[in-house]
file target-v1.txt (compact mmCIF, C-alpha atoms)
# COMPACT_ATOMS: atom_id res chain seq x y z
CA MET A 127 2.59 4.03 18.87
CA PRO A 128 4.24 5.26 15.65
CA TYR A 129 5.87 8.40 16.99
CA PRO A 130 7.86 8.91 20.18
CA ARG A 131 5.67 10.36 22.88
CA HIS A 132 7.04 13.11 25.09
CA CYS A 133 6.16 12.84 28.75
CA SER A 134 6.74 15.43 31.40
CA ALA A 135 8.78 14.22 34.34
CA ARG A 136 10.05 16.00 37.40
CA GLY A 137 13.72 16.53 36.89
CA ASP A 138 15.56 18.08 39.76
CA GLY A 139 12.91 17.82 42.46
CA VAL A 140 12.58 21.65 42.55
CA GLY A 141 9.66 21.76 40.15
CA GLY A 142 11.67 21.95 36.88
CA GLN A 143 10.35 20.02 33.91
CA GLU A 144 12.39 17.74 31.67
CA LYS A 145 11.30 15.89 28.56
CA MET A 146 11.50 12.13 28.55
CA THR A 147 10.96 10.23 25.31
CA VAL A 148 9.08 6.94 25.30
CA VAL A 149 9.73 4.85 22.17
CA ALA A 150 7.52 2.04 20.90
CA ARG A 151 9.03 -1.40 21.17
CA TYR A 152 10.22 -2.91 17.94
CA PRO A 153 9.98 -6.72 18.29
CA ASP A 154 12.58 -9.03 16.77
CA SER A 155 9.79 -10.85 14.92
CA ALA A 156 8.92 -7.62 13.07
CA LYS A 157 12.60 -7.10 12.18
CA THR A 158 12.85 -10.64 10.82
CA SER A 159 9.61 -10.23 8.86
CA LEU A 160 10.81 -6.91 7.44
CA GLU A 161 14.10 -8.39 6.26
CA GLN A 162 12.41 -11.39 4.65
CA ARG A 163 9.80 -9.26 2.87
CA LEU A 164 12.34 -6.74 1.56
CA ARG A 165 14.76 -9.38 0.30
CA ALA A 166 11.97 -11.33 -1.40
CA ARG A 167 10.70 -8.15 -3.08
CA ALA A 168 14.19 -7.21 -4.25
CA ARG A 169 14.66 -10.67 -5.82
CA GLU A 170 11.24 -10.59 -7.46
CA ARG A 171 11.20 -7.00 -8.79
CA TRP A 172 14.70 -5.52 -8.83
CA PRO A 173 17.31 -7.61 -10.72
CA GLN A 174 19.78 -4.70 -10.47
CA ILE A 175 20.09 -5.34 -6.72
CA ALA A 176 22.70 -7.92 -5.73
CA SER A 177 21.99 -7.60 -1.99
CA LEU A 178 20.23 -5.50 0.62
CA GLN A 179 21.75 -4.28 3.86
CA ILE A 180 19.22 -3.55 6.60
CA ARG A 181 20.24 -1.88 9.88
CA HIS A 182 17.88 -1.47 12.83
CA ARG A 183 18.15 1.50 15.21
CA GLY A 184 15.31 2.13 17.68
CA VAL A 185 12.04 2.21 15.73
CA PHE A 186 13.90 2.77 12.45
CA SER A 187 15.28 0.39 9.85
CA TYR A 188 17.73 1.73 7.27
CA VAL A 189 17.79 0.03 3.87
CA ASP A 190 20.83 0.15 1.55
CA ALA A 191 21.28 -1.76 -1.69
CA THR A 192 24.41 -3.11 -3.34
CA LEU A 193 23.88 -3.22 -7.08
CA THR A 194 25.24 -5.81 -9.47
CA ASP A 195 27.98 -3.34 -10.49
CA ALA A 196 29.13 -3.18 -6.80
CA THR A 197 27.69 0.33 -6.27
CA THR A 198 26.08 0.83 -2.87
CA LEU A 199 23.04 3.10 -2.58
CA LYS A 200 21.24 4.33 0.51
CA LEU A 201 17.55 3.89 -0.31
CA CYS A 202 15.21 4.61 2.56
CA ARG A 203 14.48 4.60 6.25
CA LEU A 204 11.45 2.76 7.54
CA ARG A 205 9.71 3.60 10.79
CA TYR A 206 7.96 0.80 12.65
CA ALA A 207 4.27 1.71 12.94
CA GLY A 208 3.20 -0.97 15.40
CA SER A 209 2.77 -3.81 12.89
CA ALA A 210 5.12 -5.83 10.69
CA SER A 211 2.92 -4.92 7.72
CA GLN A 212 2.64 -1.16 8.40
CA TRP A 213 5.57 1.21 7.94
CA GLN A 214 6.25 4.87 7.45
CA SER A 215 8.89 5.71 4.89
CA ALA A 216 11.54 8.36 4.39
CA ILE A 217 13.54 8.53 1.15
CA TYR A 218 17.27 9.11 1.36
CA ARG A 219 18.28 12.46 -0.13
CA ALA A 220 21.87 12.27 -1.35
CA SER A 221 21.87 16.04 -1.94
CA HIS A 222 21.35 16.67 1.79
CA ASP A 223 22.71 13.38 3.18
CA ASP A 224 19.50 12.88 5.15
CA TYR A 225 16.12 11.14 5.02
CA ASP A 226 12.96 13.00 4.03
CA GLU A 227 9.57 11.72 5.22
CA SER A 228 7.46 10.68 2.26
CA VAL A 229 4.05 9.31 1.42
CA PHE A 230 3.39 6.13 -0.49
CA PHE A 231 2.13 6.15 -4.09
CA THR A 232 -1.30 5.44 -2.62
CA GLY A 233 -1.20 8.89 -1.04
CA LEU A 234 -1.14 7.44 2.47
CA PRO A 235 1.64 8.04 5.01
CA VAL A 236 1.69 4.34 5.99
CA GLY A 237 2.15 1.31 3.75
CA THR A 238 3.99 -1.96 3.26
CA CYS A 239 7.75 -2.23 3.36
CA GLN A 240 7.64 -3.66 -0.19
CA ASP A 241 5.94 -0.51 -1.45
CA ALA A 242 8.56 1.62 0.32
CA LEU A 243 11.31 -0.36 -1.40
CA ASP A 244 9.57 0.01 -4.77
CA THR A 245 9.24 3.76 -4.25
CA ALA A 246 12.92 4.21 -3.39
CA CYS A 247 14.14 1.87 -6.13
CA GLY A 248 11.85 3.48 -8.70
CA LEU A 249 13.51 6.78 -7.88
CA TYR A 250 17.15 5.66 -7.63
CA LEU A 251 17.05 2.99 -10.35
CA ASN A 252 15.03 5.22 -12.68
CA ASP A 253 11.94 3.04 -13.06
CA PRO A 254 8.72 5.03 -12.54
CA THR A 255 6.61 1.93 -13.28
CA ALA A 256 7.35 1.04 -9.66
CA TRP A 257 4.67 3.55 -8.65
CA THR A 258 1.91 2.14 -10.81
CA ARG A 259 -0.33 -0.76 -10.00
CA PRO A 260 -2.35 -2.83 -12.46
CA PRO A 261 -6.10 -2.31 -12.16
CA THR A 262 -7.71 -4.53 -9.56
CA ASN A 263 -11.22 -4.48 -11.01
CA LEU A 264 -10.52 -6.88 -13.88
CA ARG A 265 -12.43 -10.11 -14.28
CA ALA A 266 -10.68 -13.48 -14.40
CA ARG A 267 -12.09 -13.98 -17.91
CA PRO A 268 -12.78 -11.49 -20.69
CA HIS A 269 -16.09 -9.73 -20.52
CA SER A 270 -18.19 -11.37 -23.23
CA GLY A 271 -21.25 -9.21 -23.04
CA ALA A 272 -23.82 -7.86 -20.71
CA ALA A 273 -24.29 -9.68 -17.45
CA PRO A 274 -27.71 -11.18 -16.88
CA HIS A 275 -30.15 -8.60 -15.66
CA PRO A 276 -31.06 -9.01 -11.99
CA ASN A 277 -34.69 -9.40 -13.09
CA SER A 278 -33.96 -12.01 -15.76
CA ARG A 279 -36.44 -14.34 -14.11
CA ALA A 280 -39.14 -11.79 -14.86
CA GLY A 281 -38.89 -12.75 -18.54
CA ALA A 282 -39.59 -16.38 -17.69
CA TRP A 283 -42.56 -15.32 -15.58
CA LEU A 284 -43.93 -13.16 -18.41
CA ARG A 285 -43.44 -15.99 -20.94
CA SER A 286 -45.31 -18.38 -18.67
CA ARG A 287 -48.19 -15.92 -18.70
CA GLY A 288 -47.99 -15.37 -22.44
CA GLY A 289 -46.32 -11.92 -22.21
CA VAL A 290 -42.99 -12.22 -23.98
CA GLY A 291 -43.42 -13.83 -27.34
CA GLY A 292 -46.99 -14.55 -26.40
CA SER A 293 -50.06 -12.45 -26.38
CA LEU A 294 -50.89 -10.38 -23.37
CA PRO A 295 -53.91 -8.26 -23.75
CA VAL A 296 -52.93 -4.73 -24.61
CA ARG A 297 -55.09 -2.03 -23.18
CA ALA A 298 -56.35 0.39 -25.74
CA PRO A 299 -55.81 4.05 -24.93
CA ALA A 300 -58.81 5.80 -23.48
CA ALA A 301 -60.86 7.79 -25.93
CA GLY A 302 -59.41 11.19 -26.53
CA LYS A 303 -56.09 10.41 -24.83
CA ARG A 304 -52.88 9.34 -26.40

call {"tool": "encode", "arguments": {"input": "target-v1.txt", "output": "structure tokens"}}
result
Amino acid sequence: MPYPRHCSARGDGVGGQEKMTVVARYPDSAKTSLEQRLRARARERWPQIASLQIRHRGVFSYVDATLTDATTLKLCRLRYAGSASQWQSAIYRASHDDYDESVFFTGLPVGTCQDALDTACGLYLNDPTAWTRPPTNLRARPHSGAAPHPNSRAGAWLRSRGGVGGSLPVRAPAAGKR
């Protein structure tokens, strides 16, 4: 359950209604996985980051970075979406000292924690290449020409019957028709 759910509950026994918030559980295993994934991504992609500080509060995780020049930046807030691989992201806005819900570069509201880190770092470390992905439809080897036609065996069949490179009888057009 990604968002808190509000449930009605009898409050004072006189018929008044109060709101009670039920929050999804955020397992320790998901917190550990999140920390490992974020730190690995920072090491692999962001050499400007000396260390990450990750704080967990309810269903949220707050990510700050200490840069190699000892500057500390608030980057983003992640919301647990029920899986260690699915997160919602909010970018820290220094101008308002708050977090603003955002979508991932895929256009979806949910994505990986690594993509959330890339989005925030691309913004704060001024690297827009963080939002681009290499094409995924490339072949492992260069394309050397046309792929074999699905009916390539038809040529062998025609050759065995004398059609390709051989002599198949050609029907003459009917008289008066072309």

call {"tool": "atom_distance", "arguments": {"input": "target-v1.txt", "atom1": "atom CA of Leu199 of chain A", "atom2": "atom CA of Arg169 of chain A"}}
result
16.4 Å

call {"tool": "atom_distance", "arguments": {"input": "target-v1.txt", "atom1": "atom CA of His222 of chain A", "atom2": "atom CA of Ala246 of chain A"}}
result
15.9 Å

call {"tool": "atom_distance", "arguments": {"input": "target-v1.txt", "atom1": "atom CA of Ser159 of chain A", "atom2": "atom CA of Arg219 of chain A"}}
result
25.9 Å

call {"tool": "closest_residue", "arguments": {"input": "target-v1.txt", "among": "A:Phe231, A:Trp257, A:Tyr188, A:Trp172", "to": "Tyr206 of chain A", "atoms": "all atoms listed in the file"}}
result
A:Tyr188

call {"tool": "residues_around", "arguments": {"input": "target-v1.txt", "residues": "Asp226 of chain A", "least_positions_apart": "2", "cutoff": "7 Å", "atoms": "only C-alpha atoms", "output": "number ranges by chain"}}
result
A: 216-219, 224, 228

call {"tool": "closest_residue", "arguments": {"input": "target-v1.txt", "among": "A:Asp195, A:Asp253, A:Asp241, A:Asp190", "to": "Gln214 of chain A", "atoms": "all atoms listed in the file"}}
result
A:Asp241

call {"tool": "closest_residue", "arguments": {"input": "target-v1.txt", "among": "A:Thr197, A:Ser187, A:Ser221, A:Thr158", "to": "Leu243 of chain A", "atoms": "all atoms listed in the file"}}
result
A:Ser187

call {"tool": "closest_residue", "arguments": {"input": "target-v1.txt", "among": "A:Gln240, A:Ser209, A:Ser215, A:Thr194", "to": "Gln162 of chain A", "atoms": "only C-alpha atoms"}}
result
A:Gln240

call {"tool": "residues_around", "arguments": {"input": "target-v1.txt", "residues": "Arg171 of chain A", "least_positions_apart": "5", "cutoff": "9 Å", "atoms": "only C-alpha atoms", "output": "mmCIF file with C-alpha atoms, in the coordinates of the input"}}
result
data_model
loop_
_atom_site.group_PDB
_atom_site.id
_atom_site.type_symbol
_atom_site.label_atom_id
_atom_site.label_comp_id
_atom_site.auth_asym_id
_atom_site.auth_seq_id
_atom_site.Cartn_x
_atom_site.Cartn_y
_atom_site.Cartn_z
ATOM 1 C CA ALA A 166 11.970 -11.330 -1.400
ATOM 2 C CA ASP A 244 9.570 0.010 -4.770
ATOM 3 C CA ALA A 256 7.350 1.040 -9.660
#

call {"tool": "residues_around", "arguments": {"input": "target-v1.txt", "residues": "segment 177-182 of chain A", "least_positions_apart": "2", "cutoff": "8 Å", "atoms": "all atoms listed in the file", "output": "list of chain:residue names"}}
result
A:Lys157, A:Glu161, A:Arg165, A:Ala168, A:Ile175, A:Gly184, A:Val185, A:Phe186, A:Ser187, A:Tyr188, A:Val189, A:Asp190, A:Ala191, A:Thr192, A:Leu193
